Amino acid sequence: MTTMKGEDMSTNGQLINGVDFIAFPTKDAEVAKKFYGDTLGLPLGKQWGEMPAYEFETGAVTIALMQVDAFGIDFSPTTTPLEFHVDDFDAAKAELESRGVEFVTEVIDSGVCKQAIFQDPDGNALAIHHRYAGGTATQEAMDAAAETVSDTA
């Protein structure tokens with residue numbers, strides 16, 4: 001497929017074919033860097049030159065932390081969580097709590113997976129997630145999960 005200028009868009013004809021990174025706003029890049037690196041244990045990828053922005057690697061997608069005032073963007077935290085996969089949900093939750101992370105929801109169990117939501121220092125929503133069964137959750141389990149989230153909002 002070609003663009004209006006005749007340049008190739010991609011080899012498979014699809015305009016968008018992946019996610020390079022997801023950006024999270026921060027008011028203080030150094031505080032965010034410490035949280036994502038030290039508290040969450042994510043490997044630091046790079047800094048954006050001299051700008052107050054850092055990339056962290058998750059194995060699936062890169063997280064970019066941007067001190068938004070340096071980019072002329074108004075600060076507004078992300079309120080829907082980025083879900084981090086964990087192999088052992090209970091151990092990961094306990095370890096994060098020992099590092100000072102406070103979860104803002106109880107454990108949400110949908111009948112096929114568990115998740116719990118927390119926030120970074122800027123109030124961006126994050127969560128740990130583990131799928132323990134295949135298939136889809138029952139309506140009863142989904143209703144209970146939705147009630148858990150609404151009770152904490």
# chains A, B, ... in the order shown; residues from 1 in each chain; ligands from 1

call {"tool": "select_by_dssp", "arguments": {"residues": "segment 11-148 of chain A", "states": "helix (DSSP H, G or I)", "output": "count of residues only"}}
result
35

call {"tool": "select_by_dssp", "arguments": {"residues": "segment 2-152 of chain A", "states": "strand (DSSP E or B)", "output": "VMD selection string"}}
result
chain A and resid 2 8 21 to 26 44 to 47 53 to 57 62 to 67 82 to 85 103 108 to 109 113 to 119 125 to 131

call {"tool": "residues_around", "arguments": {"residues": "segment 41-45 of chain A", "least_positions_apart": "4", "cutoff": "8 Å", "atoms": "only C-alpha atoms", "output": "number ranges by chain"}}
result
A: 36-37, 54-58

call {"tool": "write_last_selection", "arguments": {"atoms": "N, CA and C atoms", "output": "PDB file, in the first residue's frame"}}
result
ATOM      1  N   TYR A  36       9.636   3.964  39.316  1.00  0.00           N
ATOM      2  CA  TYR A  36       9.580   2.913  38.293  1.00  0.00           C
ATOM      3  C   TYR A  36      10.833   2.039  38.306  1.00  0.00           C
ATOM      4  N   GLY A  37      11.980   2.640  38.624  1.00  0.00           N
ATOM      5  CA  GLY A  37      13.217   1.876  38.660  1.00  0.00           C
ATOM      6  C   GLY A  37      13.417   1.123  39.957  1.00  0.00           C
ATOM      7  N   TYR A  54      12.154   9.746  30.754  1.00  0.00           N
ATOM      8  CA  TYR A  54      12.888   8.487  30.851  1.00  0.00           C
ATOM      9  C   TYR A  54      12.040   7.358  30.290  1.00  0.00           C
ATOM     10  N   GLU A  55      12.722   6.356  29.739  1.00  0.00           N
ATOM     11  CA  GLU A  55      12.043   5.158  29.251  1.00  0.00           C
ATOM     12  C   GLU A  55      12.423   3.975  30.131  1.00  0.00           C
ATOM     13  N   PHE A  56      11.421   3.155  30.438  1.00  0.00           N
ATOM     14  CA  PHE A  56      11.610   1.926  31.202  1.00  0.00           C
ATOM     15  C   PHE A  56      11.068   0.763  30.391  1.00  0.00           C
ATOM     16  N   GLU A  57      11.767  -0.366  30.483  1.00  0.00           N
ATOM     17  CA  GLU A  57      11.407  -1.542  29.694  1.00  0.00           C
ATOM     18  C   GLU A  57      10.613  -2.536  30.541  1.00  0.00           C
ATOM     19  N   THR A  58       9.554  -3.092  29.943  1.00  0.00           N
ATOM     20  CA  THR A  58       8.740  -4.088  30.638  1.00  0.00           C
ATOM     21  C   THR A  58       8.863  -5.469  30.017  1.00  0.00           C
TER      22      THR A  58
END

call {"tool": "residues_around", "arguments": {"residues": "Leu126 of chain A", "least_positions_apart": "6", "cutoff": "8 Å", "atoms": "only C-alpha atoms", "output": "list in words"}}
result
Thr80, Pro81, Leu82, Glu83, Phe84, Ile117, Phe118, Gln119 and Asp120 of chain A

call {"tool": "write_last_selection", "arguments": {"atoms": "C-alpha atoms", "output": "PDB file, in the first residue's frame"}}
result
ATOM      1  CA  THR A  80      -7.229   3.689  33.647  1.00  0.00           C
ATOM      2  CA  PRO A  81      -4.521   1.269  34.739  1.00  0.00           C
ATOM      3  CA  LEU A  82      -1.655  -0.160  32.782  1.00  0.00           C
ATOM      4  CA  GLU A  83      -1.727  -3.825  33.808  1.00  0.00           C
ATOM      5  CA  PHE A  84       1.651  -5.380  34.614  1.00  0.00           C
ATOM      6  CA  ILE A 117      -4.759  -1.372  41.226  1.00  0.00           C
ATOM      7  CA  PHE A 118      -2.237   1.071  42.685  1.00  0.00           C
ATOM      8  CA  GLN A 119      -0.876   4.473  41.681  1.00  0.00           C
ATOM      9  CA  ASP A 120       2.511   5.938  40.934  1.00  0.00           C
TER      10      ASP A 120
END

call {"tool": "closest_residue", "arguments": {"among": "A:Gly134, A:Gly111, A:Gly100, A:Pro52", "to": "Thr39 of chain A", "atoms": "only C-alpha atoms"}}
result
A:Gly100

call {"tool": "closest_residue", "arguments": {"among": "A:Met51, A:Met66, A:Ile16, A:Val101", "to": "Pro121 of chain A", "atoms": "only C-alpha atoms"}}
result
A:Val101

call {"tool": "closest_residue", "arguments": {"among": "A:Lys33, A:Arg99, A:His85, A:His129", "to": "Ala64 of chain A", "atoms": "only C-alpha atoms"}}
result
A:Lys33

call {"tool": "closest_residue", "arguments": {"among": "A:Gln67, A:Ser98, A:Thr79, A:Ser110", "to": "Thr26 of chain A", "atoms": "only C-alpha atoms"}}
result
A:Gln67

call {"tool": "atom_distance", "arguments": {"atom1": "atom CA of Thr78 of chain A", "atom2": "atom CA of Pro25 of chain A"}}
result
7.6 Å

call {"tool": "closest_residue", "arguments": {"among": "A:Ala53, A:Lys46, A:Ile63, A:Ala133", "to": "Ala23 of chain A", "atoms": "only C-alpha atoms"}}
result
A:Ile63

call {"tool": "atom_distance", "arguments": {"atom1": "atom CA of Phe75 of chain A", "atom2": "atom CA of Asp38 of chain A"}}
result
23.3 Å

call {"tool": "closest_residue", "arguments": {"among": "A:Glu30, A:Asp69, A:Ala91, A:Asn12", "to": "Gln47 of chain A", "atoms": "only C-alpha atoms"}}
result
A:Glu30

call {"tool": "decode", "arguments": {"residues": "segment 49-62 of chain A", "atoms": "N, CA and C atoms", "output": "JSON list (two decimals), in the first residue's frame"}}
result
[["chain", "number", "residue", "atom", "x", "y", "z"],
["A", 49, "GLY", "N", 17.63, 12.56, 25.76],
["A", 49, "GLY", "CA", 18.62, 13.64, 25.69],
["A", 49, "GLY", "C", 18.76, 14.30, 27.04],
["A", 50, "GLU", "N", 18.61, 15.62, 27.08],
["A", 50, "GLU", "CA", 18.66, 16.36, 28.33],
["A", 50, "GLU", "C", 17.27, 16.65, 28.89],
["A", 51, "MET", "N", 16.24, 16.18, 28.19],
["A", 51, "MET", "CA", 14.86, 16.44, 28.62],
["A", 51, "MET", "C", 14.53, 15.59, 29.85],
["A", 52, "PRO", "N", 13.61, 16.08, 30.70],
["A", 52, "PRO", "CA", 13.19, 15.30, 31.86],
["A", 52, "PRO", "C", 12.17, 14.23, 31.46],
["A", 53, "ALA", "N", 12.68, 13.22, 30.79],
["A", 53, "ALA", "CA", 11.86, 12.10, 30.33],
["A", 53, "ALA", "C", 12.72, 10.85, 30.30],
["A", 54, "TYR", "N", 12.15, 9.75, 30.75],
["A", 54, "TYR", "CA", 12.89, 8.49, 30.85],
["A", 54, "TYR", "C", 12.04, 7.36, 30.29],
["A", 55, "GLU", "N", 12.72, 6.36, 29.74],
["A", 55, "GLU", "CA", 12.04, 5.16, 29.25],
["A", 55, "GLU", "C", 12.42, 3.97, 30.13],
["A", 56, "PHE", "N", 11.42, 3.16, 30.44],
["A", 56, "PHE", "CA", 11.61, 1.93, 31.20],
["A", 56, "PHE", "C", 11.07, 0.76, 30.39],
["A", 57, "GLU", "N", 11.77, -0.37, 30.48],
["A", 57, "GLU", "CA", 11.41, -1.54, 29.69],
["A", 57, "GLU", "C", 10.61, -2.54, 30.54],
["A", 58, "THR", "N", 9.55, -3.09, 29.94],
["A", 58, "THR", "CA", 8.74, -4.09, 30.64],
["A", 58, "THR", "C", 8.86, -5.47, 30.02],
["A", 59, "GLY", "N", 9.48, -5.55, 28.87],
["A", 59, "GLY", "CA", 9.54, -6.81, 28.14],
["A", 59, "GLY", "C", 8.49, -6.88, 27.06],
["A", 60, "ALA", "N", 7.41, -6.14, 27.21],
["A", 60, "ALA", "CA", 6.34, -6.13, 26.21],
["A", 60, "ALA", "C", 6.19, -4.76, 25.56],
["A", 61, "VAL", "N", 6.25, -3.73, 26.36],
["A", 61, "VAL", "CA", 6.11, -2.36, 25.85],
["A", 61, "VAL", "C", 6.98, -1.43, 26.70],
["A", 62, "THR", "N", 7.50, -0.41, 26.08],
["A", 62, "THR", "CA", 8.30, 0.58, 26.78],
["A", 62, "THR", "C", 7.38, 1.61, 27.43]]
